[in-house]
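Q: So here's coords_26.pdb (PDB, C-alpha atoms).
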ATOM      1  CA  MET U   1      65.178-132.159-206.657
ATOM      2  CA  ARG U   2      63.016-129.752-204.674
ATOM      3  CA  TYR U   3      61.191-126.844-206.286
ATOM      4  CA  ARG U   4      59.728-123.777-204.640
ATOM      5  CA  ASN U   5      56.217-125.212-205.019
ATOM      6  CA  THR U   6      57.096-128.819-204.146
ATOM      7  CA  VAL U   7      54.528-130.911-202.286
ATOM      8  CA  GLU U   8      55.298-134.119-200.377
ATOM      9  CA  PHE U   9      52.774-136.666-199.206
ATOM     10  CA  VAL U  10      52.263-140.342-198.501
ATOM     11  CA  VAL U  11      49.567-142.336-200.329
ATOM     12  CA  PHE U  12      48.506-145.741-199.036
ATOM     13  CA  GLY U  13      45.763-148.341-199.212
ATOM     14  CA  LYS U  14      44.891-152.022-198.834
ATOM     15  CA  TYR U  15      45.036-152.771-202.568
ATOM     16  CA  ALA U  16      46.220-151.189-205.811
ATOM     17  CA  LEU U  17      45.919-152.135-209.475
ATOM     18  CA  PHE U  18      48.242-150.301-211.880
ATOM     19  CA  SER U  19      47.368-152.460-214.858
ATOM     20  CA  ASP U  20      49.963-153.623-217.342
ATOM     21  CA  PRO U  21      48.073-153.142-220.664
ATOM     22  CA  ILE U  22      49.669-156.290-222.114
ATOM     23  CA  THR U  23      47.751-158.428-219.605
ATOM     24  CA  ARG U  24      44.373-156.802-220.346
ATOM     25  CA  VAL U  25      43.966-158.196-223.847
ATOM     26  CA  GLY U  26      42.360-161.384-222.564
ATOM     27  CA  GLY U  27      40.078-159.567-220.113
ATOM     28  CA  GLU U  28      42.245-160.147-217.053
ATOM     29  CA  LYS U  29      44.380-157.574-215.277
ATOM     30  CA  PHE U  30      47.823-157.854-213.700
ATOM     31  CA  SER U  31      49.333-154.928-211.849
ATOM     32  CA  TYR U  32      52.727-153.408-212.428
ATOM     33  CA  GLN U  33      54.931-153.806-209.376
ATOM     34  CA  VAL U  34      54.988-150.036-208.816
ATOM     35  CA  PRO U  35      52.653-147.173-209.793
ATOM     36  CA  THR U  36      53.055-145.488-213.144
ATOM     37  CA  TYR U  37      53.797-141.787-213.509
ATOM     38  CA  GLN U  38      50.290-141.222-214.899
ATOM     39  CA  ALA U  39      48.629-143.000-211.960
ATOM     40  CA  LEU U  40      50.465-140.790-209.466
ATOM     41  CA  LYS U  41      49.615-137.693-211.464
ATOM     42  CA  GLY U  42      45.950-138.751-211.384
ATOM     43  CA  ILE U  43      46.144-139.074-207.596
ATOM     44  CA  LEU U  44      47.566-135.538-207.374
ATOM     45  CA  GLU U  45      44.816-134.191-209.606
ATOM     46  CA  SER U  46      42.242-135.820-207.309
ATOM     47  CA  VAL U  47      43.867-134.025-204.378
ATOM     48  CA  TYR U  48      43.906-130.634-206.139
ATOM     49  CA  TRP U  49      43.849-129.498-209.758
ATOM     50  CA  LYS U  50      43.000-126.479-211.861
ATOM     51  CA  PRO U  51      43.425-126.101-215.654
ATOM     52  CA  THR U  52      45.820-123.268-214.831
ATOM     53  CA  LEU U  53      48.533-125.716-213.795
ATOM     54  CA  ILE U  54      50.178-129.055-214.655
ATOM     55  CA  TRP U  55      51.432-131.460-212.003
ATOM     56  CA  TYR U  56      54.837-133.121-212.439
ATOM     57  CA  VAL U  57      55.778-136.148-210.328
ATOM     58  CA  ASP U  58      59.489-135.980-209.516
ATOM     59  CA  GLU U  59      60.026-139.199-207.573
ATOM     60  CA  ILE U  60      58.462-141.759-205.280
ATOM     61  CA  ARG U  61      59.721-143.921-202.454
ATOM     62  CA  VAL U  62      58.285-147.411-202.003
ATOM     63  CA  ILE U  63      57.756-147.973-198.271
ATOM     64  CA  ASN U  64      56.192-151.429-197.968
ATOM     65  CA  LYS U  65      57.309-154.726-199.444
ATOM     66  CA  ILE U  66      55.900-155.378-202.929
ATOM     67  CA  GLN U  67      53.264-158.102-202.560
ATOM     68  CA  THR U  68      50.510-159.351-204.896
ATOM     69  CA  GLN U  69      47.164-161.032-204.368
ATOM     70  CA  SER U  70      44.898-162.561-207.026
ATOM     71  CA  LYS U  71      41.111-162.335-206.812
ATOM     72  CA  GLY U  72      38.355-163.948-208.824
ATOM     73  CA  ILE U  73      36.230-161.206-210.415
ATOM     74  CA  ARG U  74      32.865-161.400-212.189
ATOM     75  CA  PRO U  75      33.066-158.588-214.787
ATOM     76  CA  ILE U  76      30.094-157.735-217.007
ATOM     77  CA  LYS U  77      30.124-159.209-220.512
ATOM     78  CA  TYR U  78      29.988-156.547-223.195
ATOM     79  CA  SER U  79      29.156-158.896-226.080
ATOM     80  CA  SER U  80      26.213-160.617-224.371
ATOM     81  CA  GLU U  81      24.178-160.663-221.179
ATOM     82  CA  GLY U  82      25.478-161.927-217.870
ATOM     83  CA  ASN U  83      28.880-161.991-216.253
ATOM     84  CA  ASP U  84      32.246-163.480-217.075
ATOM     85  CA  LEU U  85      34.964-164.903-214.825
ATOM     86  CA  ALA U  86      38.399-163.296-214.666
ATOM     87  CA  TYR U  87      41.343-163.101-212.304
ATOM     88  CA  TYR U  88      42.782-159.737-211.326
ATOM     89  CA  THR U  89      46.186-159.578-209.622
ATOM     90  CA  TYR U  90      46.415-156.652-207.203
ATOM     91  CA  LEU U  91      49.225-155.128-205.201
ATOM     92  CA  LYS U  92      48.595-155.613-201.491
ATOM     93  CA  ASP U  93      49.177-153.235-198.546
ATOM     94  CA  VAL U  94      50.796-150.446-200.568
ATOM     95  CA  CYS U  95      52.416-147.281-199.251
ATOM     96  CA  TYR U  96      54.363-144.670-201.239
ATOM     97  CA  GLN U  97      55.974-141.357-200.427
ATOM     98  CA  VAL U  98      55.549-138.912-203.326
ATOM     99  CA  ARG U  99      57.368-135.706-204.220
ATOM    100  CA  ALA U 100      55.911-133.487-206.951
ATOM    101  CA  HIS U 101      55.645-129.893-208.142
ATOM    102  CA  PHE U 102      53.531-127.882-210.565
ATOM    103  CA  ASP U 103      54.126-125.473-213.411
ATOM    104  CA  TRP U 104      51.785-123.254-215.385
ATOM    105  CA  ASN U 105      49.895-124.608-218.365
ATOM    106  CA  MET U 106      51.062-122.153-221.020
ATOM    107  CA  ASN U 107      48.533-123.598-223.479
ATOM    108  CA  ARG U 108      45.795-121.973-221.391
ATOM    109  CA  PRO U 109      46.353-118.221-221.886
ATOM    110  CA  GLU U 110      42.762-117.563-220.766
ATOM    111  CA  PHE U 111      43.876-118.480-217.225
ATOM    112  CA  ALA U 112      46.920-116.201-217.122
ATOM    113  CA  ASP U 113      45.322-114.075-214.375
ATOM    114  CA  ASP U 114      45.056-117.168-212.176
ATOM    115  CA  ARG U 115      48.813-117.858-212.150
ATOM    116  CA  ASN U 116      49.334-117.168-208.469
ATOM    117  CA  GLU U 117      51.949-119.656-207.318
ATOM    118  CA  ASN U 118      51.592-118.987-203.597
ATOM    119  CA  LYS U 119      47.802-119.397-203.715
ATOM    120  CA  HIS U 120      47.816-122.727-205.557
ATOM    121  CA  HIS U 121      50.710-124.104-203.508
ATOM    122  CA  ASN U 122      48.989-123.333-200.207
ATOM    123  CA  ILE U 123      45.665-124.740-201.393
ATOM    124  CA  ALA U 124      47.388-127.943-202.554
ATOM    125  CA  LYS U 125      49.075-128.380-199.168
ATOM    126  CA  ARG U 126      45.782-127.828-197.338
ATOM    127  CA  MET U 127      44.023-130.348-199.571
ATOM    128  CA  ILE U 128      46.721-132.932-198.790
ATOM    129  CA  GLU U 129      46.140-132.321-195.079
ATOM    130  CA  ARG U 130      42.411-132.897-195.602
ATOM    131  CA  GLY U 131      42.825-136.070-197.651
ATOM    132  CA  GLY U 132      42.124-134.546-201.067
ATOM    133  CA  ARG U 133      39.216-132.804-202.760
ATOM    134  CA  ARG U 134      37.988-135.941-204.514
ATOM    135  CA  ASP U 135      38.174-139.644-203.748
ATOM    136  CA  ILE U 136      41.628-141.168-204.165
ATOM    137  CA  PHE U 137      41.929-144.375-206.192
ATOM    138  CA  LEU U 138      45.030-146.524-206.543
ATOM    139  CA  GLY U 139      44.880-147.353-210.232
ATOM    140  CA  THR U 140      41.221-148.356-210.337
ATOM    141  CA  ARG U 141      38.018-147.420-208.570
ATOM    142  CA  GLU U 142      37.743-150.496-206.358
ATOM    143  CA  CYS U 143      41.131-149.685-204.783
ATOM    144  CA  GLN U 144      40.493-146.848-202.327
ATOM    145  CA  GLY U 145      43.522-144.770-201.388
ATOM    146  CA  TYR U 146      44.326-142.217-198.700
ATOM    147  CA  VAL U 147      46.789-139.323-198.577
ATOM    148  CA  LYS U 148      48.419-137.353-195.794
ATOM    149  CA  PRO U 149      51.431-135.008-195.546
ATOM    150  CA  CYS U 150      54.918-136.377-194.972
ATOM    151  CA  VAL U 151      58.571-135.415-195.187
ATOM    152  CA  PHE U 152      59.954-137.251-198.200
ATOM    153  CA  GLY U 153      62.722-139.656-197.150
ATOM    154  CA  GLU U 154      61.774-139.860-193.493
ATOM    155  CA  GLY U 155      61.036-143.227-191.916
ATOM    156  CA  ALA U 156      62.158-146.725-192.848
ATOM    157  CA  SER U 157      61.482-148.440-196.160
ATOM    158  CA  PHE U 158      61.630-152.172-196.842
ATOM    159  CA  TYR U 159      63.960-151.342-199.748
ATOM    160  CA  ASP U 160      66.495-149.174-197.925
ATOM    161  CA  ASN U 161      69.984-150.291-199.067
ATOM    162  CA  TYR U 162      68.316-152.953-201.224
ATOM    163  CA  GLY U 163      70.080-152.026-204.447
ATOM    164  CA  GLU U 164      68.556-151.773-207.911
ATOM    165  CA  ILE U 165      65.423-153.461-209.258
ATOM    166  CA  ASP U 166      64.809-153.207-213.003
ATOM    167  CA  PHE U 167      61.143-153.163-214.069
ATOM    168  CA  GLY U 168      61.871-153.031-217.790
ATOM    169  CA  LEU U 169      59.425-151.366-220.189
ATOM    170  CA  MET U 170      56.501-149.576-218.512
ATOM    171  CA  VAL U 171      53.780-147.187-219.543
ATOM    172  CA  HIS U 172      54.860-143.720-218.404
ATOM    173  CA  GLY U 173      51.756-141.695-219.219
ATOM    174  CA  PHE U 174      49.797-139.815-221.871
ATOM    175  CA  ASP U 175      50.331-136.562-223.762
ATOM    176  CA  TYR U 176      46.989-134.750-223.923
ATOM    177  CA  PRO U 177      46.253-131.764-226.223
ATOM    178  CA  ASP U 178      45.414-129.652-223.167
ATOM    179  CA  GLU U 179      49.051-129.860-222.046
ATOM    180  CA  THR U 180      50.957-130.162-225.331
ATOM    181  CA  GLY U 181      49.050-127.682-227.492
ATOM    182  CA  LYS U 182      48.803-130.262-230.301
ATOM    183  CA  ASP U 183      45.539-131.786-231.542
ATOM    184  CA  GLU U 184      46.890-135.274-230.971
ATOM    185  CA  MET U 185      47.049-137.806-228.161
ATOM    186  CA  PHE U 186      50.230-139.814-227.549
ATOM    187  CA  VAL U 187      51.202-142.544-225.113
ATOM    188  CA  ARG U 188      54.616-142.402-223.460
ATOM    189  CA  LEU U 189      56.576-145.596-222.811
ATOM    190  CA  TRP U 190      59.469-145.738-220.367
ATOM    191  CA  ARG U 191      62.230-147.968-221.717
ATOM    192  CA  ASN U 192      64.049-148.824-218.517
ATOM    193  CA  ALA U 193      62.211-148.146-215.265
ATOM    194  CA  VAL U 194      64.599-148.679-212.343
ATOM    195  CA  MET U 195      64.128-148.490-208.582
ATOM    196  CA  LYS U 196      67.236-147.888-206.484
ATOM    197  CA  ASP U 197      67.046-148.405-202.724
ATOM    198  CA  GLY U 198      63.282-147.974-202.895
ATOM    199  CA  ARG U 199      63.353-144.730-204.890
ATOM    200  CA  ILE U 200      62.150-144.161-208.448
ATOM    201  CA  VAL U 201      63.080-140.883-210.156
ATOM    202  CA  PHE U 202      60.776-140.202-213.108
ATOM    203  CA  PRO U 203      61.873-138.595-216.368
ATOM    204  CA  LEU U 204      59.531-135.649-216.833
ATOM    205  CA  PRO U 205      57.325-135.404-219.960
ATOM    206  CA  PHE U 206      58.869-132.159-221.213
ATOM    207  CA  GLU U 207      62.421-133.482-220.928
ATOM    208  CA  ASP U 208      64.029-134.820-224.103
ATOM    209  CA  SER U 209      64.910-138.117-222.425
ATOM    210  CA  PRO U 210      66.162-141.044-224.553
ATOM    211  CA  GLU U 211      64.344-143.345-222.103
ATOM    212  CA  ILE U 212      60.925-142.059-223.236
ATOM    213  CA  VAL U 213      59.324-143.348-226.451
ATOM    214  CA  ARG U 214      56.113-141.788-227.792
ATOM    215  CA  ARG U 215      53.442-143.522-229.873
ATOM    216  CA  PHE U 216      50.564-141.726-231.617
ATOM    217  CA  ILE U 217      47.102-142.818-230.409
ATOM    218  CA  LYS U 218      44.496-140.640-232.130
ATOM    219  CA  PRO U 219      43.571-137.078-233.149
ATOM    220  CA  MET U 220      42.114-135.194-230.208
ATOM    221  CA  LYS U 221      41.206-131.602-229.378
ATOM    222  CA  LYS U 222      41.589-129.934-226.015
ATOM    223  CA  LYS U 223      38.551-129.093-223.932
ATOM    224  CA  GLU U 224      37.260-125.558-224.271
ATOM    225  CA  PHE U 225      36.165-123.651-221.168
ATOM    226  CA  ILE U 226      33.296-121.250-221.863
ATOM    227  CA  ILE U 227      32.166-118.812-219.173
ATOM    228  CA  GLY U 228      28.524-119.387-218.323
ATOM    229  CA  GLU U 229      28.396-122.884-219.814
ATOM    230  CA  ASN U 230      31.052-125.084-218.188
ATOM    231  CA  PHE U 231      33.160-122.446-216.424
ATOM    232  CA  LEU U 232      32.245-119.923-213.711
ATOM    233  CA  GLY U 233      35.215-117.667-214.412
ATOM    234  CA  LEU U 234      38.233-116.773-212.318
ATOM    235  CA  ASP U 235      36.208-114.814-209.760
ATOM    236  CA  GLU U 236      35.334-117.000-206.776
ATOM    237  CA  PRO U 237      31.516-116.994-206.273
ATOM    238  CA  GLY U 238      30.593-115.175-203.074
ATOM    239  CA  ILE U 239      34.212-114.383-202.169
ATOM    240  CA  ASP U 240      33.575-110.620-201.789
ATOM    241  CA  GLU U 241      30.688-111.235-199.389
ATOM    242  CA  LEU U 242      32.752-113.732-197.404
ATOM    243  CA  LEU U 243      35.706-111.341-197.109
ATOM    244  CA  SER U 244      33.507-108.418-196.053
ATOM    245  CA  ARG U 245      31.877-110.643-193.422
ATOM    246  CA  GLU U 246      35.305-111.576-192.033
ATOM    247  CA  VAL U 247      36.292-107.903-191.920
ATOM    248  CA  ARG U 248      33.120-107.073-189.919
ATOM    249  CA  ILE U 249      33.857-109.935-187.488
ATOM    250  CA  HIS U 250      37.400-108.657-186.921
ATOM    251  CA  GLU U 251      36.081-105.104-186.388
ATOM    252  CA  LEU U 252      33.563-106.327-183.798
ATOM    253  CA  ASP U 253      36.290-108.314-182.034
ATOM    254  CA  ALA U 254      38.489-105.224-181.926
ATOM    255  CA  GLU U 255      35.658-103.111-180.490
ATOM    256  CA  SER U 256      34.956-105.683-177.767
ATOM    257  CA  LEU U 257      38.591-105.478-176.663
TER     258      LEU U 257
END
Is it possible to give me this structure as structure tokens?
A:
Amino acid sequence: MRYRNTVEFVVFGKYALFSDPITRVGGEKFSYQVPTYQALKGILESVYWKPTLIWYVDEIRVINKIQTQSKGIRPIKYSSEGNDLAYYTYLKDVCYQVRAHFDWNMNRPEFADDRNENKHHNIAKRMIERGGRRDIFLGTRECQGYVKPCVFGEGASFYDNYGEIDFGLMVHGFDYPDETGKDEMFVRLWRNAVMKDGRIVFPLPFEDSPEIVRRFIKPMKKKEFIIGENFLGLDEPGIDELLSREVRIHELDAESL
């Protein structure tokens, strides 16, 4: 489904690691076969994010064949000095088309004056064209990712007309107090993640979907933004000077004509 503020982009990289938490108990990591909802949301927030809005990932399209590669890793020991030996299993040569949209964070009334849909939508599209505001990581920091605009559904996928692939139970994402308005943190589990012909349609967090199961993690309070301490305010620093300078440039151009 397309929304008025929908964005579409392709994210790709040499490796990805969307860890299955079950495999991390022993210190080793094994990737899910496809990215989780939360991982894709994190990629979007690296491209562009403000506390005024919440990103929702509608669906993805898996372009390349799902392949894995194991690597020997020397992680730091936390119980003693030195390094340990572990094997991490990564996804290799990944490429995904992503379709997403945003909605206002109604638990942030202090940002009500910043709810300008056209502004945020245009900025988000420009940031996608420029590769994002911050570095893009595919599940973990050692897996560098890259984004660029696309038309969702265009081009060939290895899984076109492939049929259904059932991934079973997967982590969907987290419910944070900033977005729910509750002083609690929950994890969301997706009962039956299915890919059909390369496409995965995600149940959205606010939907009352029977496929989503929530588990309480811990009490948690949302971050407070205080002007002058960790927040500059809604006024863009130097924007008035910049606009007046542009006006003067246009006036000079008009006079020269």
Q: So that I can see what lies close to Lys41 (chain U), please list as a list in words the residues with an atom at most 10 Å from it, counting only C-alpha atoms and leaving out residues fewer than 3 positions away in the same chain.
A: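 Selected residues are Thr36, Tyr37, Gln38, Leu44, Glu45, Ser46, Val47, Ile54, Trp55, Tyr56, Val57, Ala100 and Gly173 of chain U.
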Q: Which is closer to Phe225 (chain U) than all the others in U:Pro109, U:Asn192, U:Tyr88, U:Cys95, using all atoms listed in the file?
A: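 When distances to Phe225 (chain U) are compared using all atoms listed in the file, the smallest one comes from U:Pro109.
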Q: Show me a table, sorted first by chain and then by increasing residue number, of the residues of region 120-182 of chain U having an atom at most 10 Å from region 18-32 of chain U, each with its shortest atom pair and the distance in Å to one decimal, counting all atoms listed in the file and written as a tab-separated table.
A:
residue	atom	partner	partner_atom	distance
U:Leu138	CA	U:Phe18	CA	7.3
U:Gly139	CA	U:Phe18	CA	4.8
U:Thr140	CA	U:Phe18	CA	7.4
U:Phe167	CA	U:Tyr32	CA	8.6
U:Met170	CA	U:Asp20	CA	7.8
U:Val171	CA	U:Asp20	CA	7.8
Q: Interatomic distance between CA of Ala124 (chain U) and CA of Asp183 (chain U)?
A: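 Separation of CA of Ala124 (chain U) and CA of Asp183 (chain U): 29.3 Å.
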Q: Under the rule that only C-alpha atoms are counted, which of U:Gly168, U:Gly145, U:Gly131, U:Pro75 is the nearest residue to Leu40 (chain U)?
A: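 Closest to Leu40 (chain U), using only C-alpha atoms: U:Gly145.
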Q: Between CA of Arg141 (chain U) and CA of Lys92 (chain U), what is the distance, to one decimal in Å?
A: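 Separation of CA of Arg141 (chain U) and CA of Lys92 (chain U): 15.1 Å.
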Q: Which is closest to Tyr159 (chain U) among U:Met195, U:Leu204, U:Met106, U:Ile123, if we use all atoms listed in the file?
A: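 Going through U:Met195, U:Leu204, U:Met106, U:Ile123 one by one, the smallest distance to Tyr159 (chain U) is for U:Met195.
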Q: Using all atoms listed in the file, which of the listed residues (U:Phe186, U:Ile200, U:Phe216, U:Asn5) sits closest to Asp58 (chain U)?
A: U:Ile200
Q: Residues near Gly163 (chain U), anyone? I mean within 12 Å using all atoms listed in the file, not counting same-chain ones fewer than 3 positions away, as a list in words.
A: Phe158, Tyr159, Asp160, Asp166, Val194, Met195, Lys196, Asp197, Gly198, Arg199 and Ile200 of chain U
Q: Considering only C-alpha atoms, state which residue in the set U:Tyr3, U:Leu189, U:Ile76, U:Val151 is at the smallest distance from Glu117 (chain U).
A: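 With only C-alpha atoms as the atom set, the closest residue is U:Tyr3.
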Q: Using all atoms listed in the file, which residue out of U:Glu164, U:Asn64, U:Arg215, U:Asp93 lies closest to Gln144 (chain U)?
A: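 Under the stated criterion, the closest residue is U:Asp93.
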Q: Could you tell me how far CA of His120 (chain U) lies from CA of Asn105 (chain U), in Å and to one decimal?
A: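 So the answer is 13.1 Å.
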Q: I'd like to see the residues matched by the PyMOL selection byres ((chain U and resi 154) around 12) on this file, and ideally I'd get them as number ranges by chain.
A: U: 8-10, 61-63, 96-98, 149-153, 155-157, 160
Q: Mind telling me what the PyMOL selection byres ((chain U and resi 223) around 12) catches here, as a ChimeraX atom specification?
A: /U:51,107-108,176-179,181,183,220-222,224-226,230-231
Q: Could you pull the residues within 8 Å of Tyr146 (chain U), counting only C-alpha atoms, minus those fewer than 2 positions along the same chain, as a PDB file with C-alpha atoms, in the coordinates of the input?
A:
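Listed below is the output, out-v2.pdb:
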ATOM      1  CA  VAL U  11      49.567-142.336-200.329  1.00  0.00           C
ATOM      2  CA  PHE U  12      48.506-145.741-199.036  1.00  0.00           C
ATOM      3  CA  GLY U  13      45.763-148.341-199.212  1.00  0.00           C
ATOM      4  CA  GLY U 131      42.825-136.070-197.651  1.00  0.00           C
ATOM      5  CA  ILE U 136      41.628-141.168-204.165  1.00  0.00           C
ATOM      6  CA  GLN U 144      40.493-146.848-202.327  1.00  0.00           C
ATOM      7  CA  LYS U 148      48.419-137.353-195.794  1.00  0.00           C
TER       8      LYS U 148
END
Q: Within 8 Å of (44.9, -122.7, -214.2) (file coordinates; only C-alpha atoms), which protein or nucleic acid residues are there? I'd like them as a ChimeraX atom specification.
A: /U:50-53,104-105,108,111-112,114-115
Q: I need the output of the PyMOL selection byres ((chain U and resi 67) around 8) for this file as a PyMOL selection string; which residues are they?
A: chain U and resi 65-66+68-69+91-93
